[in-house]
>>> print(open('start-v1.txt').read())   # compact mmCIF, C-alpha atoms
# COMPACT_ATOMS: atom_id res chain seq x y z
CA MET A 26 0.00 0.00 0.00
CA SER A 27 1.36 3.46 -0.86
CA LYS A 28 2.04 6.00 1.84
CA PRO A 29 0.33 9.38 2.19
CA VAL A 30 2.42 12.42 1.29
CA VAL A 31 2.68 15.39 3.65
CA ALA A 32 4.07 18.67 2.23
CA ILE A 33 5.37 21.60 4.29
CA VAL A 34 4.56 25.01 2.78
CA GLY A 35 5.52 28.41 4.15
CA ARG A 36 7.26 31.72 3.56
CA PRO A 37 11.05 31.94 3.83
CA ASN A 38 12.38 32.28 7.37
CA VAL A 39 9.28 30.99 9.13
CA GLY A 40 11.09 27.81 10.20
CA LYS A 41 10.03 25.50 7.40
CA SER A 42 13.34 23.70 7.05
CA THR A 43 13.82 23.55 10.82
CA LEU A 44 10.45 21.85 11.20
CA PHE A 45 11.28 19.42 8.39
CA ASN A 46 14.66 18.50 9.86
CA VAL A 47 13.31 18.02 13.37
CA LEU A 48 10.41 15.84 12.18
CA ALA A 49 12.58 13.84 9.79
CA GLY A 50 15.49 13.30 12.13
CA GLU A 51 14.37 13.33 15.72
CA THR A 52 10.68 13.53 16.60
CA ILE A 53 9.88 10.74 14.14
CA SER A 54 12.09 8.17 12.47
CA ILE A 55 13.69 8.68 9.09
CA VAL A 56 14.07 5.33 7.35
CA LYS A 57 16.71 6.00 4.72
CA ASP A 58 17.88 8.63 2.25
CA THR A 59 17.81 7.74 -1.42
CA PRO A 60 21.22 7.10 -3.05
CA GLY A 61 22.44 10.06 -5.05
CA VAL A 62 20.21 12.70 -3.48
CA THR A 63 22.99 14.51 -1.67
CA ARG A 64 22.58 18.20 -2.47
CA ASP A 65 19.93 18.68 0.18
CA ARG A 66 17.30 16.55 1.80
CA ILE A 67 14.00 17.16 0.06
CA TYR A 68 11.96 14.30 1.48
CA ALA A 69 12.04 11.68 4.22
CA ASP A 70 10.21 8.42 4.91
CA CYS A 71 8.68 8.88 8.34
CA THR A 72 6.60 7.11 10.98
CA TRP A 73 4.28 8.58 13.61
CA LEU A 74 2.35 6.27 15.95
CA ASN A 75 2.84 3.30 13.59
CA MET A 76 1.57 5.29 10.61
CA ASN A 77 4.00 5.67 7.71
CA PHE A 78 4.08 8.72 5.47
CA THR A 79 6.43 10.67 3.21
CA LEU A 80 7.36 14.18 4.37
CA ILE A 81 8.29 16.75 1.72
CA ASP A 82 10.00 20.11 2.18
CA THR A 83 8.84 22.38 -0.65
CA GLY A 84 11.33 25.08 0.28
CA GLY A 85 14.00 26.06 -2.21
CA ILE A 86 15.69 29.30 -3.19
CA GLU A 87 14.68 32.07 -0.83
CA PRO A 88 15.02 35.38 -2.72
CA ASP A 89 15.06 38.73 -0.94
CA SER A 90 12.56 40.63 -3.08
CA SER A 91 9.08 40.56 -1.63
CA ASP A 92 7.52 40.24 -5.11
CA ILE A 93 9.65 37.21 -5.90
CA ILE A 94 8.90 35.76 -2.46
CA LEU A 95 5.18 35.88 -3.23
CA SER A 96 5.79 34.21 -6.59
CA GLN A 97 7.89 31.53 -4.91
CA MET A 98 5.15 30.95 -2.34
CA ARG A 99 2.60 30.45 -5.10
CA GLU A 100 4.81 27.85 -6.74
CA GLN A 101 5.33 26.07 -3.43
CA ALA A 102 1.59 26.03 -2.88
CA GLU A 103 1.01 24.73 -6.42
CA ILE A 104 3.39 21.80 -6.01
CA ALA A 105 1.91 20.96 -2.62
CA ILE A 106 -1.62 21.09 -3.98
CA ALA A 107 -0.69 18.90 -6.94
CA THR A 108 1.20 16.23 -5.05
CA ALA A 109 0.34 16.14 -1.36
CA ASP A 110 -2.39 14.32 0.55
CA VAL A 111 -2.03 16.62 3.56
CA ILE A 112 -0.50 20.12 3.57
CA VAL A 113 1.19 21.63 6.63
CA PHE A 114 1.04 25.43 6.21
CA ILE A 115 3.60 27.04 8.51
CA VAL A 116 3.42 30.70 9.60
CA ASP A 117 5.48 32.82 12.03
CA VAL A 118 3.87 34.07 15.26
CA ARG A 119 6.56 36.75 15.69
CA GLN A 120 6.07 38.27 12.24
CA GLY A 121 2.31 38.00 12.58
CA LEU A 122 -0.19 37.56 9.77
CA VAL A 123 1.13 39.04 6.49
CA ASP A 124 -0.42 39.50 3.06
CA ALA A 125 1.54 36.63 1.49
CA ASP A 126 0.14 34.22 4.08
CA SER A 127 -3.42 35.23 3.21
CA LYS A 128 -2.92 34.81 -0.53
CA VAL A 129 -1.42 31.33 -0.19
CA ALA A 130 -4.18 30.38 2.27
CA ASP A 131 -6.71 31.29 -0.45
CA MET A 132 -5.03 28.87 -2.86
CA LEU A 133 -4.85 26.09 -0.29
CA ARG A 134 -8.49 26.54 0.71
CA LYS A 135 -9.65 26.27 -2.92
CA SER A 136 -7.61 23.08 -3.41
CA LYS A 137 -9.99 21.10 -1.14
CA LYS A 138 -6.91 19.32 0.26
CA PRO A 139 -6.62 18.86 4.04
CA VAL A 140 -4.56 21.75 5.45
CA VAL A 141 -3.06 21.80 8.94
CA LEU A 142 -2.04 25.29 10.08
CA ALA A 143 1.12 25.40 12.22
CA VAL A 144 2.02 28.66 13.97
CA ASN A 145 5.76 28.41 14.55
CA LYS A 146 8.19 30.04 17.00
CA VAL A 147 5.76 29.85 19.93
CA ASP A 148 8.58 29.19 22.39
CA SER A 149 6.46 30.45 25.30
CA PHE A 150 2.71 29.83 25.35
CA GLN A 151 2.39 32.44 28.09
CA LYS A 152 4.11 35.10 25.97
CA PHE A 153 2.77 34.30 22.49
CA GLY A 154 -0.43 32.36 23.23
CA ASN A 155 -2.82 35.21 22.45
CA ASP A 156 -0.98 36.08 19.22
CA VAL A 157 -1.84 32.64 17.81
CA TYR A 158 -5.54 33.58 17.59
CA GLU A 159 -4.77 36.13 14.87
CA PHE A 160 -4.25 33.28 12.41
CA TYR A 161 -7.88 32.20 12.63
CA ASN A 162 -8.35 35.03 10.11
CA LEU A 163 -6.79 32.79 7.43
CA GLY A 164 -9.97 30.70 7.47
CA ILE A 165 -8.26 27.31 7.09
CA GLY A 166 -8.92 25.79 10.49
CA ASP A 167 -7.54 25.90 14.00
CA PRO A 168 -3.97 27.20 14.30
CA ILE A 169 -1.70 24.80 16.18
CA PRO A 170 1.05 26.54 18.18
CA VAL A 171 4.47 24.89 17.79
CA SER A 172 8.14 25.65 18.19
CA ALA A 173 10.27 23.66 15.78
CA ALA A 174 13.49 24.88 17.39
CA SER A 175 12.35 24.02 20.93
CA ARG A 176 10.40 20.90 19.85
CA LEU A 177 7.17 22.11 21.43
CA GLY A 178 3.70 21.12 20.20
CA LEU A 179 4.96 18.76 17.51
CA GLY A 180 2.99 15.79 18.84
CA ASP A 181 -0.26 17.77 18.60
CA LEU A 182 0.68 18.84 15.07
CA LEU A 183 1.40 15.27 13.93
CA ASP A 184 -1.78 13.97 15.57
CA GLU A 185 -3.77 16.48 13.53
CA VAL A 186 -1.92 15.52 10.33
CA ALA A 187 -2.46 11.80 10.98
CA LYS A 188 -6.24 12.28 11.32
CA HIS A 189 -6.35 12.66 7.53
CA PHE A 190 -4.49 9.40 6.78
CA GLY A 191 -7.41 7.03 7.37
CA THR A 192 -9.39 8.27 4.37
CA PHE A 193 -6.34 8.04 2.12
CA GLN A 194 -5.52 4.48 3.12
CA SER A 195 -9.05 3.16 2.70
CA GLU A 196 -9.26 4.72 -0.78
CA GLU A 197 -6.00 3.04 -1.80
CA GLU A 198 -7.05 -0.36 -0.42
CA ASP A 199 -10.31 -0.32 -2.36
CA ASP A 200 -8.49 0.06 -5.69
CA ASP A 201 -6.47 -3.04 -6.57
CA ARG A 202 -5.77 -2.17 -10.20
CA PRO A 203 -2.09 -2.28 -11.24
CA ARG A 204 -0.58 1.20 -10.98
CA ILE A 205 2.38 2.12 -13.18
CA ALA A 206 4.35 5.34 -12.68
CA ILE A 207 6.15 6.77 -15.70
CA VAL A 208 9.11 8.74 -14.29
CA GLY A 209 12.18 10.46 -15.65
CA LYS A 210 13.69 13.85 -16.33
CA PRO A 211 11.69 16.51 -18.18
CA ASN A 212 11.36 16.03 -21.95
CA VAL A 213 12.39 12.37 -22.13
CA GLY A 214 9.00 11.40 -23.60
CA LYS A 215 6.96 10.28 -20.58
CA SER A 216 3.65 11.67 -21.84
CA SER A 217 4.39 10.43 -25.36
CA ILE A 218 4.76 6.88 -24.02
CA ILE A 219 1.32 7.01 -22.39
CA ASN A 220 -0.21 8.50 -25.54
CA GLN A 221 1.36 5.74 -27.65
CA LEU A 222 0.01 3.07 -25.28
CA LEU A 223 -3.42 4.64 -25.52
CA GLY A 224 -3.21 4.68 -29.30
CA GLU A 225 -2.17 1.06 -29.54
CA ASN A 226 -4.91 -0.23 -27.29
CA ARG A 227 -7.59 2.08 -28.67
CA VAL A 228 -9.55 1.74 -25.43
CA ILE A 229 -9.74 4.64 -23.01
CA VAL A 230 -12.01 3.95 -20.09
CA SER A 231 -11.67 7.54 -18.90
CA ASN A 232 -9.21 10.16 -17.80
CA ILE A 233 -9.74 10.22 -14.05
CA ALA A 234 -8.50 12.55 -11.36
CA GLY A 235 -6.02 10.82 -9.07
CA THR A 236 -7.69 9.33 -6.02
CA THR A 237 -5.43 11.24 -3.66
CA ARG A 238 -4.22 14.31 -5.56
CA ASP A 239 -5.03 16.53 -8.50
CA ALA A 240 -2.60 14.99 -10.99
CA VAL A 241 -4.42 13.24 -13.82
CA ASP A 242 -4.08 9.46 -14.09
CA THR A 243 -4.87 7.54 -17.26
CA GLU A 244 -6.78 4.26 -17.35
CA ILE A 245 -5.84 1.84 -20.13
CA VAL A 246 -7.42 -1.56 -20.72
CA HIS A 247 -5.15 -4.22 -22.24
CA ASN A 248 -6.26 -7.83 -22.72
CA GLY A 249 -9.11 -7.32 -20.29
CA THR A 250 -6.96 -5.88 -17.47
CA GLU A 251 -7.33 -2.27 -16.33
CA TYR A 252 -4.05 -0.43 -15.70
CA VAL A 253 -3.68 3.00 -14.13
CA PHE A 254 -0.77 5.00 -15.55
CA ILE A 255 0.60 7.86 -13.48
CA ASP A 256 2.31 10.54 -15.57
CA THR A 257 4.87 12.72 -13.77
CA ALA A 258 5.14 15.38 -16.47
CA GLY A 259 5.01 18.00 -13.72
CA LEU A 260 3.92 21.60 -13.46
CA ARG A 261 4.70 24.24 -16.02
CA ARG A 262 7.32 26.50 -14.53
CA LYS A 263 8.57 29.89 -15.66
CA SER A 264 11.79 29.57 -13.68
CA LYS A 265 14.82 28.32 -15.58
CA ILE A 266 16.87 27.66 -12.45
CA LYS A 267 18.30 24.17 -12.79
CA GLU A 268 18.35 23.34 -9.10
CA GLU A 269 14.70 24.25 -8.67
CA LEU A 270 13.66 22.24 -11.72
CA GLU A 271 15.52 19.26 -10.29
CA ARG A 272 13.88 19.72 -6.88
CA TYR A 273 10.36 19.80 -8.29
CA SER A 274 11.12 16.89 -10.62
CA ILE A 275 12.19 14.80 -7.63
CA ILE A 276 9.14 15.79 -5.57
CA ARG A 277 6.82 14.76 -8.39
CA THR A 278 8.71 11.49 -8.75
CA VAL A 279 8.50 10.66 -5.04
CA THR A 280 4.75 11.17 -4.90
CA ALA A 281 4.12 9.15 -8.07
CA VAL A 282 6.39 6.29 -6.99
CA GLU A 283 4.61 6.05 -3.62
CA ARG A 284 1.36 5.23 -5.42
CA ALA A 285 2.78 2.79 -7.96
CA ASP A 286 3.33 -0.96 -8.08
CA VAL A 287 5.70 -0.80 -11.06
CA VAL A 288 7.90 2.16 -12.00
CA VAL A 289 9.03 2.77 -15.58
CA VAL A 290 12.20 4.90 -15.53
CA VAL A 291 12.44 6.65 -18.91
CA ILE A 292 15.90 7.52 -20.24
CA ASP A 293 16.63 9.63 -23.34
CA ALA A 294 18.67 7.45 -25.73
CA GLU A 295 20.26 10.49 -27.38
CA GLU A 296 21.39 12.02 -24.08
CA GLY A 297 22.37 8.77 -22.39
CA VAL A 298 22.04 7.84 -18.72
CA THR A 299 22.79 10.72 -16.32
CA GLU A 300 23.24 11.37 -12.60
CA GLN A 301 19.68 12.70 -12.47
CA ASP A 302 18.43 9.42 -13.97
CA ALA A 303 20.24 7.57 -11.18
CA LYS A 304 18.58 9.78 -8.54
CA ILE A 305 15.13 9.14 -9.99
CA ALA A 306 15.73 5.39 -10.28
CA GLY A 307 17.09 5.38 -6.72
CA ILE A 308 13.76 6.68 -5.40
CA ALA A 309 11.94 3.65 -6.84
CA HIS A 310 14.69 1.27 -5.71
CA GLU A 311 14.62 2.46 -2.09
CA ARG A 312 10.86 1.93 -1.96
CA GLY A 313 11.10 -1.62 -3.23
CA LYS A 314 9.04 -1.07 -6.37
CA GLY A 315 9.13 -3.13 -9.54
CA ILE A 316 11.45 -1.34 -11.98
CA ILE A 317 11.63 -1.21 -15.77
CA VAL A 318 14.21 1.00 -17.50
CA ALA A 319 12.75 2.23 -20.81
CA VAL A 320 15.29 3.76 -23.19
CA ASN A 321 13.17 6.07 -25.35
CA LYS A 322 13.99 7.68 -28.74
CA TRP A 323 15.87 4.51 -29.74
CA ASP A 324 14.91 5.20 -33.36
CA ALA A 325 17.22 8.25 -33.33
CA ILE A 326 20.34 6.22 -32.52
CA GLU A 327 22.71 4.94 -35.20
CA LYS A 328 23.10 1.24 -34.48
CA ASN A 329 25.17 -1.79 -35.25
CA ASP A 330 24.92 -5.34 -33.90
CA LYS A 331 26.66 -4.35 -30.63
CA THR A 332 24.93 -1.05 -29.87
CA ILE A 333 22.20 -2.39 -27.61
CA TYR A 334 24.65 -4.44 -25.53
CA GLU A 335 27.09 -1.55 -25.14
CA TYR A 336 24.28 0.81 -24.21
CA THR A 337 22.86 -1.64 -21.67
CA LYS A 338 26.29 -2.00 -20.04
CA LYS A 339 26.62 1.78 -19.64
CA ILE A 340 23.22 2.01 -17.98
CA LYS A 341 23.90 -0.95 -15.70
CA ASP A 342 27.20 0.63 -14.62
CA THR A 343 25.42 3.86 -13.66
CA LEU A 344 22.47 2.06 -12.06
CA SER A 345 24.65 -0.59 -10.41
CA PHE A 346 22.60 -0.45 -7.19
CA MET A 347 19.66 -2.13 -8.99
CA PRO A 348 21.08 -4.93 -11.18
CA TYR A 349 17.68 -6.66 -11.20
CA ALA A 350 15.99 -3.94 -13.31
CA GLU A 351 14.45 -4.97 -16.65
CA PHE A 352 15.36 -3.08 -19.83
CA ILE A 353 13.38 -2.20 -22.93
CA PHE A 354 14.49 -0.06 -25.90
CA ILE A 355 11.56 1.82 -27.40
CA SER A 356 10.41 4.72 -29.49
CA ALA A 357 7.22 6.44 -28.36
CA LYS A 358 7.32 8.35 -31.64
CA THR A 359 7.31 5.32 -33.98
CA GLY A 360 5.78 2.77 -31.60
CA GLN A 361 8.89 0.55 -31.73
CA ARG A 362 8.62 -2.28 -29.13
CA MET A 363 5.78 -0.47 -27.32
CA SER A 364 3.65 -3.62 -27.63
CA LYS A 365 6.15 -5.39 -25.35
CA MET A 366 5.60 -2.92 -22.52
CA PHE A 367 2.54 -4.65 -21.05
CA GLU A 368 4.25 -8.06 -21.16
CA LEU A 369 7.15 -6.62 -19.18
CA ILE A 370 4.86 -4.85 -16.69
CA ASP A 371 2.90 -8.06 -16.07
CA MET A 372 6.08 -10.08 -15.58
CA VAL A 373 7.49 -7.59 -13.07
CA ARG A 374 4.17 -7.44 -11.19
CA GLU A 375 4.13 -11.23 -10.98
CA ASN A 376 7.67 -11.28 -9.57
CA GLN A 377 6.81 -8.56 -7.05
CA THR A 378 4.13 -10.82 -5.57
CA LEU A 379 5.92 -14.16 -5.95
CA ARG A 380 6.05 -16.28 -2.79
CA VAL A 381 8.58 -19.07 -2.23
CA ALA A 382 7.86 -21.99 0.12
CA THR A 383 9.91 -21.98 3.32
CA GLY A 384 11.20 -25.52 2.73
CA VAL A 385 12.57 -24.62 -0.69
CA LEU A 386 14.20 -21.44 0.64
CA ASN A 387 16.01 -23.40 3.34
CA GLU A 388 17.27 -25.93 0.79
CA ILE A 389 18.71 -23.07 -1.28
CA MET A 390 20.32 -21.47 1.79
CA THR A 391 21.79 -24.75 3.04
CA GLU A 392 23.36 -25.41 -0.35
CA ALA A 393 24.66 -21.84 -0.56
CA VAL A 394 26.30 -22.10 2.89
CA ALA A 395 27.90 -25.43 1.93
CA LEU A 396 29.39 -23.90 -1.23
CA GLN A 397 30.67 -20.73 0.44
CA GLN A 398 31.14 -20.36 4.17
CA PRO A 399 29.61 -17.31 5.90
CA PRO A 400 31.98 -14.58 7.12
CA SER A 401 33.71 -14.77 10.49
CA ASP A 402 35.32 -12.28 12.84
CA LYS A 403 37.83 -12.97 15.65
CA GLY A 404 37.25 -16.69 15.43
CA LYS A 405 33.46 -16.44 15.52
CA ARG A 406 31.57 -17.44 12.37
CA LEU A 407 28.17 -16.26 11.21
CA ARG A 408 25.62 -19.08 11.41
CA LEU A 409 22.44 -19.06 9.33
CA TYR A 410 19.75 -21.17 10.99
CA TYR A 411 16.56 -20.59 9.05
CA ILE A 412 15.03 -18.44 6.29
CA THR A 413 11.39 -17.63 5.52
CA GLN A 414 9.55 -15.18 3.29
CA VAL A 415 7.37 -12.77 5.27
CA ALA A 416 6.05 -10.27 2.70
CA VAL A 417 5.68 -9.30 -0.97
CA LYS A 418 5.97 -5.96 -2.83
CA PRO A 419 8.92 -6.30 -2.49
CA PRO A 420 9.56 -9.96 -1.62
CA THR A 421 10.93 -9.81 1.93
CA PHE A 422 12.88 -12.55 3.69
CA VAL A 423 13.82 -13.01 7.35
CA ILE A 424 17.01 -14.94 8.12
CA PHE A 425 17.54 -16.19 11.67
CA ILE A 426 21.22 -16.03 12.68
CA ASN A 427 23.52 -16.22 15.70
CA ASP A 428 25.03 -12.70 15.65
CA LYS A 429 24.02 -9.78 13.45
CA GLU A 430 27.43 -8.13 14.01
CA LEU A 431 28.92 -10.83 11.79
CA THR A 432 26.70 -10.09 8.78
CA HIS A 433 28.19 -8.51 5.67
CA PHE A 434 26.42 -7.03 2.66
CA SER A 435 28.49 -9.14 0.26
CA TYR A 436 27.24 -12.39 1.81
CA THR A 437 23.67 -11.08 1.78
CA ARG A 438 24.12 -10.36 -1.93
CA TYR A 439 25.48 -13.91 -2.37
CA ILE A 440 22.35 -15.41 -0.76
CA GLU A 441 20.18 -13.07 -2.82
CA ASN A 442 21.87 -14.18 -6.04
CA LYS A 443 21.28 -17.85 -5.17
CA ILE A 444 17.57 -17.16 -4.65
CA ARG A 445 17.44 -15.20 -7.92
CA ASP A 446 19.20 -18.06 -9.74
CA ALA A 447 16.38 -20.36 -8.64
CA PHE A 448 13.35 -18.07 -9.01
CA GLY A 449 14.40 -15.10 -11.15
CA PHE A 450 12.60 -12.27 -9.41
CA LYS A 451 13.38 -10.15 -12.48
CA GLY A 452 12.45 -6.49 -12.17
CA THR A 453 12.06 -6.42 -8.38
CA SER A 454 14.35 -5.80 -5.46
CA LEU A 455 14.55 -8.31 -2.61
CA LYS A 456 14.64 -7.25 1.03
CA PHE A 457 16.47 -9.19 3.75
CA ILE A 458 16.01 -8.81 7.50
CA TYR A 459 18.36 -10.48 9.99
CA ARG A 460 17.07 -11.67 13.34
CA GLU A 461 19.17 -13.04 16.14
CA ARG A 462 17.69 -15.81 18.20
CA SER A 463 17.31 -13.25 20.96
CA GLY A 464 14.91 -11.38 18.72
CA LYS A 465 17.14 -8.42 17.78
CA GLU A 466 16.83 -7.12 14.23
CA GLN A 467 19.14 -5.55 11.71
>>> encode(input="start-v1.txt", output="structure tokens")
Amino acid sequence: MSKPVVAIVGRPNVGKSTLFNVLAGETISIVKDTPGVTRDRIYADCTWLNMNFTLIDTGGIEPDSSDIILSQMREQAEIAIATADVIVFIVDVRQGLVDADSKVADMLRKSKKPVVLAVNKVDSFQKFGNDVYEFYNLGIGDPIPVSAASRLGLGDLLDEVAKHFGTFQSEEEDDDRPRIAIVGKPNVGKSSIINQLLGENRVIVSNIAGTTRDAVDTEIVHNGTEYVFIDTAGLRRKSKIKEELERYSIIRTVTAVERADVVVVVIDAEEGVTEQDAKIAGIAHERGKGIIVAVNKWDAIEKNDKTIYEYTKKIKDTLSFMPYAEFIFISAKTGQRMSKMFELIDMVRENQTLRVATGVLNEIMTEAVALQQPPSDKGKRLRLYYITQVAVKPPTFVIFINDKELTHFSYTRYIENKIRDAFGFKGTSLKFIYRERSGKEQ
């Protein structure tokens, strides 16, 4: 099941990034950062009271001009409206209610999305308590006093945010159609791929609004199965600033990937695989989604009998953290190999939900251990007692061992490869959890 997305929106210098960092790193647990996203932390996988969600910081460049600030606020509000399930609108009790706050509140109110109003920098309820009431004038609900820097009121804020998760989760559970996210950098042909798939199948059930956000999904029926395609084409932006384009591209990708079963990462054949492609693919990899790498505009490449193999090797080198990904070389323009897309999607979906019997898994593990001994340290060797599969999407395995300190990623990869040799699991990551007999986990 996909996780709800919570976006933080607010003017510069109201404590937006402070709130994000405190929530992501301390008040609630951050699971893991995506490989390659190192410039700044835009999003975090979080948990509050056993409820998982993705937290997004929509902040970016903070210009000094008040006119540009208002424009920036509008764009922040637009991205939050388009992608979030719940919006946290943060204002500053010390600056008071300003015109920019009111204008963004108007946009958020019209969006019909749940908005939680956080009044920040309330370090003393005795001193600032009465000033909080001013923000009722925004007309978007009860203001919740918090202090991100002093970690005050954050539990109340998160409780209010979490109230809106129940509706989201029940909506997602009711819809069991396969969901495929088409992701990639701008102008690689994501929308063209969906249009080509629509043209080939000649059946459009309808263009429907996304169940949890305003982005438009596309239903396509193929061989009697309904698929929902999620296009991450993104908002039109006037700004040409590269960093901001990258930020918004990543935010759109995160929210689409959360909702998808299978992710199609589109790469421009003429440009080749880039660092940004690796970042986008890493988002899907970290979330354990089924992954297909679609190299688009293949018709524009001069080819010989080795081109496809050389090209595949380059991509695999760059995307070395996901060697299981499936590849397809297509042209959305000419329709080349587009008919194979559904076959690949179905295969990856099947592997995402494949279950292996415990007895068979233990036979594979026993044979693997006999062929290559587990690592040891200071005379003590890792012992693998038992393995069982506990979940799907992605297939997740628990291995019972004697000491988790003795585990090493290379041996985990060795066990993974043995399981893949037997069952394939093409197109999907595998997750391994180590448990000591005492019950500790890694």
>>> atom_distance(input="start-v1.txt", atom1="atom CA of Pro211 of chain A", atom2="atom CA of Val140 of chain A")
29.2 Å
>>> atom_distance(input="start-v1.txt", atom1="atom CA of Asp302 of chain A", atom2="atom CA of Arg362 of chain A")
21.5 Å
>>> residues_around(input="start-v1.txt", residues="segment 316-325 of chain A", least_positions_apart="5", cutoff="8 Å", atoms="all atoms listed in the file", output="list in words")
Val213, Gly214, Val287, Val288, Val289, Val290, Val291, Ile292, Asp293, Ala294, Glu295, Ala309, His310, Ala350, Glu351, Phe352, Ile353, Phe354, Ile355, Ser356, Ala357, Lys358, Thr359, Gln361, Leu369, Ile370, Val373, Gly452 and Thr453 of chain A
>>> residues_near_point(input="start-v1.txt", point="(-6.5, 23.8, 10.6)", cutoff="9 Å", atoms="only C-alpha atoms", output="list in words")
Val113, Phe114, Pro139, Val140, Val141, Leu142, Ala143, Tyr161, Gly164, Ile165, Gly166, Asp167, Pro168, Ile169 and Glu185 of chain A
>>> atom_distance(input="start-v1.txt", atom1="atom CA of Phe346 of chain A", atom2="atom CA of Ala206 of chain A")
19.9 Å
>>> closest_residue(input="start-v1.txt", among="A:Ile424, A:Val144, A:Ile106, A:Val279", to="Gly178 of chain A", atoms="all atoms listed in the file")
A:Val144
>>> residues_around(input="start-v1.txt", residues="Gln120 of chain A", least_positions_apart="3", cutoff="12 Å", atoms="all atoms listed in the file", output="PyMOL selection string")
chain A and resi 36-40+116-117+123-126+144-147+153+156-157+159-160
>>> write_last_selection(input="start-v1.txt", atoms="C-alpha atoms", output="mmCIF file, keeping the file's coordinate frame")
data_model
loop_
_atom_site.group_PDB
_atom_site.id
_atom_site.type_symbol
_atom_site.label_atom_id
_atom_site.label_comp_id
_atom_site.auth_asym_id
_atom_site.auth_seq_id
_atom_site.Cartn_x
_atom_site.Cartn_y
_atom_site.Cartn_z
ATOM 1 C CA ARG A 36 7.260 31.720 3.560
ATOM 2 C CA PRO A 37 11.050 31.940 3.830
ATOM 3 C CA ASN A 38 12.380 32.280 7.370
ATOM 4 C CA VAL A 39 9.280 30.990 9.130
ATOM 5 C CA GLY A 40 11.090 27.810 10.200
ATOM 6 C CA VAL A 116 3.420 30.700 9.600
ATOM 7 C CA ASP A 117 5.480 32.820 12.030
ATOM 8 C CA VAL A 123 1.130 39.040 6.490
ATOM 9 C CA ASP A 124 -0.420 39.500 3.060
ATOM 10 C CA ALA A 125 1.540 36.630 1.490
ATOM 11 C CA ASP A 126 0.140 34.220 4.080
ATOM 12 C CA VAL A 144 2.020 28.660 13.970
ATOM 13 C CA ASN A 145 5.760 28.410 14.550
ATOM 14 C CA LYS A 146 8.190 30.040 17.000
ATOM 15 C CA VAL A 147 5.760 29.850 19.930
ATOM 16 C CA PHE A 153 2.770 34.300 22.490
ATOM 17 C CA ASP A 156 -0.980 36.080 19.220
ATOM 18 C CA VAL A 157 -1.840 32.640 17.810
ATOM 19 C CA GLU A 159 -4.770 36.130 14.870
ATOM 20 C CA PHE A 160 -4.250 33.280 12.410
#
>>> build_atoms(input="start-v1.txt", residues="segment 161-173 of chain A", atoms="N, CA and C atoms", output="PDB file, in the frame of the given file")
ATOM      1  N   TYR A 161      -6.544  32.664  12.986  1.00  0.00           N
ATOM      2  CA  TYR A 161      -7.880  32.200  12.630  1.00  0.00           C
ATOM      3  C   TYR A 161      -8.424  32.966  11.429  1.00  0.00           C
ATOM      4  N   ASN A 162      -7.897  34.194  11.230  1.00  0.00           N
ATOM      5  CA  ASN A 162      -8.350  35.030  10.110  1.00  0.00           C
ATOM      6  C   ASN A 162      -8.023  34.423   8.747  1.00  0.00           C
ATOM      7  N   LEU A 163      -7.117  33.448   8.710  1.00  0.00           N
ATOM      8  CA  LEU A 163      -6.790  32.790   7.430  1.00  0.00           C
ATOM      9  C   LEU A 163      -7.945  31.917   6.943  1.00  0.00           C
ATOM     10  N   GLY A 164      -8.795  31.478   7.862  1.00  0.00           N
ATOM     11  CA  GLY A 164      -9.970  30.700   7.470  1.00  0.00           C
ATOM     12  C   GLY A 164      -9.660  29.294   6.997  1.00  0.00           C
ATOM     13  N   ILE A 165      -8.568  28.680   7.502  1.00  0.00           N
ATOM     14  CA  ILE A 165      -8.260  27.310   7.090  1.00  0.00           C
ATOM     15  C   ILE A 165      -8.132  26.384   8.305  1.00  0.00           C
ATOM     16  N   GLY A 166      -8.884  26.697   9.344  1.00  0.00           N
ATOM     17  CA  GLY A 166      -8.920  25.790  10.490  1.00  0.00           C
ATOM     18  C   GLY A 166      -8.189  26.327  11.698  1.00  0.00           C
ATOM     19  N   ASP A 167      -8.144  25.494  12.733  1.00  0.00           N
ATOM     20  CA  ASP A 167      -7.540  25.900  14.000  1.00  0.00           C
ATOM     21  C   ASP A 167      -6.022  25.983  13.878  1.00  0.00           C
ATOM     22  N   PRO A 168      -5.433  27.111  14.282  1.00  0.00           N
ATOM     23  CA  PRO A 168      -3.970  27.200  14.300  1.00  0.00           C
ATOM     24  C   PRO A 168      -3.386  26.386  15.449  1.00  0.00           C
ATOM     25  N   ILE A 169      -2.352  25.629  15.156  1.00  0.00           N
ATOM     26  CA  ILE A 169      -1.700  24.800  16.180  1.00  0.00           C
ATOM     27  C   ILE A 169      -0.367  25.451  16.539  1.00  0.00           C
ATOM     28  N   PRO A 170      -0.208  25.904  17.799  1.00  0.00           N
ATOM     29  CA  PRO A 170       1.050  26.540  18.180  1.00  0.00           C
ATOM     30  C   PRO A 170       2.172  25.511  18.332  1.00  0.00           C
ATOM     31  N   VAL A 171       3.324  25.791  17.698  1.00  0.00           N
ATOM     32  CA  VAL A 171       4.470  24.890  17.790  1.00  0.00           C
ATOM     33  C   VAL A 171       5.745  25.725  17.881  1.00  0.00           C
ATOM     34  N   SER A 172       6.801  25.071  18.297  1.00  0.00           N
ATOM     35  CA  SER A 172       8.140  25.650  18.190  1.00  0.00           C
ATOM     36  C   SER A 172       9.047  24.556  17.649  1.00  0.00           C
ATOM     37  N   ALA A 173       9.406  24.669  16.386  1.00  0.00           N
ATOM     38  CA  ALA A 173      10.270  23.660  15.780  1.00  0.00           C
ATOM     39  C   ALA A 173      11.626  23.629  16.468  1.00  0.00           C
TER      40      ALA A 173
END
